[in-house]
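A.B. asks: Could you have a look at this structure, given as structure tokens, before my questions?
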Amino acid sequence: MEEIANRHGLKALVPVLRRHELPAVAFALGGTPGGHTRFGSAPLLPPRFEWPSYKRRPLGFLLQADLAELRPLDCARMLPPSGLLTFFYDIEGQPWGYDPAERDGSRVVLIEDGPLVETRPPRRSPLSPAGLRFWASSTLPAVGSRAYDRLELDAEVPDAYFDFARDFERQGYPARSGLHRLLGHSANIQGDMQLEAQLVSHGLYCGDDRSYLDPRAAALDEGADDWTLLLQLDSEDAAGMMWGDAGMLYCWIRRADLADRRFDRCWTLLQCT
């Protein structure tokens, strides 16, 4: 961090930034799909697995990560030590996640044991199958997040922070790769997603300002900090991924649910410019 901070004239801010950084498991697409970790191809599933659907169409398969392989990279020890963490999403409809009715527009499944078979999706996926390369990384708060608000309370943040944070987080990624990761801070494009996930998961529609003015929102606000980023999946043309207008998908989960492996309680949000 120090070297990049020096280039941006932020050497004095490093001790504060160290208090606000979060570890993540970054990944990039590339190579031939194979093994238990895969993207956009055919996941490994139990023989009688019921493929999830939404609005009478099957969800698209995003990726599957072998958590045993990722264990050495999970510095926060937040992920289960083993199992295949598998992500599905309505790639065709691309629900934004601000409507409680969109709960079934995505699904996260942890496959822990038993026989597995390579299962082709019911519909042809627009994603280009690829292998995945993972590495340990570190992340910093993004504008629009609750974490950034806390950073501003801790120090005066100069404009140079934004270019610095971009360069800091892009370490390890190939030049044309999206900013994909598990855990860490979210790279917000719009506003706070922790409160949005908290409200919408409690039945409040967040497609406009009315829910944020609802008396129930004030009571729910404290619980927003319980939500943590599980997956951030960026747009990437070469992989056939375009979320809205060059946006990102973010899968959120409460820390307690992550510890209890309740991945059925995840909530997926989409943001774009």
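Scheme for the structure tokens: letters A, B, ... for chains in order shown; per-chain residue numbers from 1; ligand numbers from 1 in order shown.
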Using only C-alpha atoms, determine which residues lie at most 10 Å from Ala42 in chain A, disregarding the query and same-chain residues fewer than 3 positions distant; provide the list as a PyMOL selection string.

C.D. replies: chain A and resi 33-34+38-39+45+61-64+117-121+125+129

A.B. asks: Restricting it to N, CA and C atoms, dump the selection as a PDB file, in the first residue's frame.

C.D. replies:
ATOM      1  N   PRO A  33     -11.709 -24.254 -18.683  1.00  0.00           N
ATOM      2  CA  PRO A  33     -12.449 -24.720 -17.516  1.00  0.00           C
ATOM      3  C   PRO A  33     -12.097 -26.162 -17.194  1.00  0.00           C
ATOM      4  N   GLY A  34     -12.035 -26.461 -15.930  1.00  0.00           N
ATOM      5  CA  GLY A  34     -11.710 -27.821 -15.523  1.00  0.00           C
ATOM      6  C   GLY A  34     -11.641 -27.914 -14.022  1.00  0.00           C
ATOM      7  N   ARG A  38     -15.107 -23.441 -11.828  1.00  0.00           N
ATOM      8  CA  ARG A  38     -15.435 -23.174 -13.229  1.00  0.00           C
ATOM      9  C   ARG A  38     -16.350 -21.965 -13.355  1.00  0.00           C
ATOM     10  N   PHE A  39     -16.354 -21.398 -14.546  1.00  0.00           N
ATOM     11  CA  PHE A  39     -17.166 -20.218 -14.847  1.00  0.00           C
ATOM     12  C   PHE A  39     -17.957 -20.438 -16.135  1.00  0.00           C
ATOM     13  N   LEU A  45     -22.999 -30.868  -9.951  1.00  0.00           N
ATOM     14  CA  LEU A  45     -24.176 -30.839  -9.094  1.00  0.00           C
ATOM     15  C   LEU A  45     -24.575 -32.255  -8.675  1.00  0.00           C
ATOM     16  N   PHE A  61     -26.166 -20.191 -14.974  1.00  0.00           N
ATOM     17  CA  PHE A  61     -25.054 -20.559 -14.093  1.00  0.00           C
ATOM     18  C   PHE A  61     -23.945 -19.531 -14.262  1.00  0.00           C
ATOM     19  N   LEU A  62     -23.506 -18.941 -13.150  1.00  0.00           N
ATOM     20  CA  LEU A  62     -22.424 -17.960 -13.184  1.00  0.00           C
ATOM     21  C   LEU A  62     -21.076 -18.636 -12.950  1.00  0.00           C
ATOM     22  N   LEU A  63     -20.864 -19.114 -11.744  1.00  0.00           N
ATOM     23  CA  LEU A  63     -19.562 -19.705 -11.423  1.00  0.00           C
ATOM     24  C   LEU A  63     -19.692 -20.646 -10.240  1.00  0.00           C
ATOM     25  N   GLN A  64     -18.667 -21.464 -10.104  1.00  0.00           N
ATOM     26  CA  GLN A  64     -18.574 -22.430  -9.017  1.00  0.00           C
ATOM     27  C   GLN A  64     -17.145 -22.405  -8.495  1.00  0.00           C
ATOM     28  N   VAL A 117     -22.260 -34.765 -10.638  1.00  0.00           N
ATOM     29  CA  VAL A 117     -22.210 -34.976 -12.084  1.00  0.00           C
ATOM     30  C   VAL A 117     -22.145 -33.618 -12.780  1.00  0.00           C
ATOM     31  N   GLU A 118     -21.420 -33.556 -13.870  1.00  0.00           N
ATOM     32  CA  GLU A 118     -21.382 -32.331 -14.665  1.00  0.00           C
ATOM     33  C   GLU A 118     -22.761 -32.143 -15.314  1.00  0.00           C
ATOM     34  N   THR A 119     -23.389 -31.020 -15.015  1.00  0.00           N
ATOM     35  CA  THR A 119     -24.777 -30.799 -15.419  1.00  0.00           C
ATOM     36  C   THR A 119     -24.878 -29.595 -16.338  1.00  0.00           C
ATOM     37  N   ARG A 120     -25.291 -29.828 -17.566  1.00  0.00           N
ATOM     38  CA  ARG A 120     -25.411 -28.726 -18.518  1.00  0.00           C
ATOM     39  C   ARG A 120     -26.658 -27.907 -18.207  1.00  0.00           C
ATOM     40  N   PRO A 121     -26.556 -26.579 -18.306  1.00  0.00           N
ATOM     41  CA  PRO A 121     -27.714 -25.721 -18.048  1.00  0.00           C
ATOM     42  C   PRO A 121     -28.868 -26.034 -18.997  1.00  0.00           C
ATOM     43  N   SER A 125     -26.034 -20.706 -22.261  1.00  0.00           N
ATOM     44  CA  SER A 125     -25.605 -19.525 -21.528  1.00  0.00           C
ATOM     45  C   SER A 125     -24.920 -18.524 -22.453  1.00  0.00           C
ATOM     46  N   PRO A 129     -17.432 -19.941 -21.373  1.00  0.00           N
ATOM     47  CA  PRO A 129     -16.791 -20.768 -20.345  1.00  0.00           C
ATOM     48  C   PRO A 129     -15.310 -20.436 -20.211  1.00  0.00           C
TER      49      PRO A 129
END

A.B. asks: Could you give me, as a list in words, the residues within 10 Å of Pro141 in chain A, counting only C-alpha atoms and dropping anything in the same chain fewer than 3 positions from it?

C.D. replies: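 Those residues are Leu17, His20, Glu21, Leu22, Gly144, Ser145, Arg146, Ala147, Tyr148, Asp149, Arg150, Leu151, Phe162, Ala165, Gly184, His185, Ser186, Ala187 and Asn188 of chain A.
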
A.B. asks: DSSP on the backbone, then: every residue of range 24-228 of chain A marked alpha helix (DSSP H), written as a ChimeraX atom specification.

C.D. replies: /A:67-70,146-154,160-169,193-201,210-213,215-220

A.B. asks: Figure out the distance between CA of Leu13 in chain A and CA of Ala155 in chain A, please, to one decimal in Å.

C.D. replies: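 So the two atoms, CA of Ala155 in chain A and CA of Leu13 in chain A, lie 8.0 Å apart.
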
A.B. asks: Skipping near chain neighbours, those fewer than 3 positions away, what residues fall within 9 Å of range 231-241 of chain A using only C-alpha atoms, listed as a list in words?

C.D. replies: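 Skipping anything fewer than 3 positions along the chain leaves Leu29, Gly40, Ile91, Pro126, Leu127, Ser128, Pro129, Ala130, Arg176, Ser177, Gly178, Leu179, His180, Arg181, Leu182, Leu183, Gly184, Ser186, Ala187, Gly244, Asp245, Ala246, Gly247, Met248, Leu249, Tyr250, Cys251, Trp252 and Thr268 of chain A.
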
A.B. asks: Include C-alpha atoms and write out the residues we just selected as a CSV table (one decimal), in the first residue's frame.

C.D. replies:
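File produced: out-v4.csv:
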chain,number,residue,atom,x,y,z
A,29,LEU,CA,-11.2,-15.3,-15.9
A,40,GLY,CA,-20.1,-20.1,-17.3
A,91,ILE,CA,-28.9,-13.5,-16.8
A,126,PRO,CA,-24.4,-16.2,-23.0
A,127,LEU,CA,-21.3,-16.5,-20.9
A,128,SER,CA,-18.1,-17.8,-22.4
A,129,PRO,CA,-16.8,-20.8,-20.3
A,130,ALA,CA,-13.4,-20.1,-18.7
A,176,ARG,CA,-8.8,-6.1,-19.4
A,177,SER,CA,-10.2,-8.1,-16.5
A,178,GLY,CA,-13.2,-7.0,-14.5
A,179,LEU,CA,-12.9,-6.3,-10.8
A,180,HIS,CA,-14.2,-9.7,-9.6
A,181,ARG,CA,-13.9,-10.9,-6.0
A,182,LEU,CA,-15.2,-12.8,-3.1
A,183,LEU,CA,-15.5,-10.9,0.2
A,184,GLY,CA,-13.9,-7.5,0.9
A,186,SER,CA,-17.8,-3.6,-2.6
A,187,ALA,CA,-16.8,-1.3,-5.4
A,244,GLY,CA,-26.9,-3.3,-17.2
A,245,ASP,CA,-24.8,-0.6,-18.7
A,246,ALA,CA,-21.3,-1.9,-17.9
A,247,GLY,CA,-22.3,-2.5,-14.2
A,248,MET,CA,-21.6,-5.1,-11.6
A,249,LEU,CA,-23.5,-7.8,-9.8
A,250,TYR,CA,-23.1,-8.0,-6.0
A,251,CYS,CA,-24.2,-10.9,-3.9
A,252,TRP,CA,-24.7,-10.0,-0.2
A,268,THR,CA,-28.1,-10.1,-5.2

A.B. asks: Set the distance at 10 Å and use only C-alpha atoms: which residues neighbour Glu2 in chain A once local chain neighbours fewer than 3 positions away are removed? I'd like the list as JSON, numbers by chain.

C.D. replies: {"A": [5, 6, 7, 8, 10, 11, 12, 13, 14, 15, 168]}

A.B. asks: Using backbone DSSP assignments, extract all strand (DSSP E or B) residues from range 9-245 of chain A; output them as a VMD selection string.

C.D. replies: chain A and resid 22 to 29 34 37 to 39 44 to 45 53 to 54 57 to 58 60 to 66 84 to 89 106 to 111 117 to 118 130 132 to 139 180 to 182 227 to 234 236 241
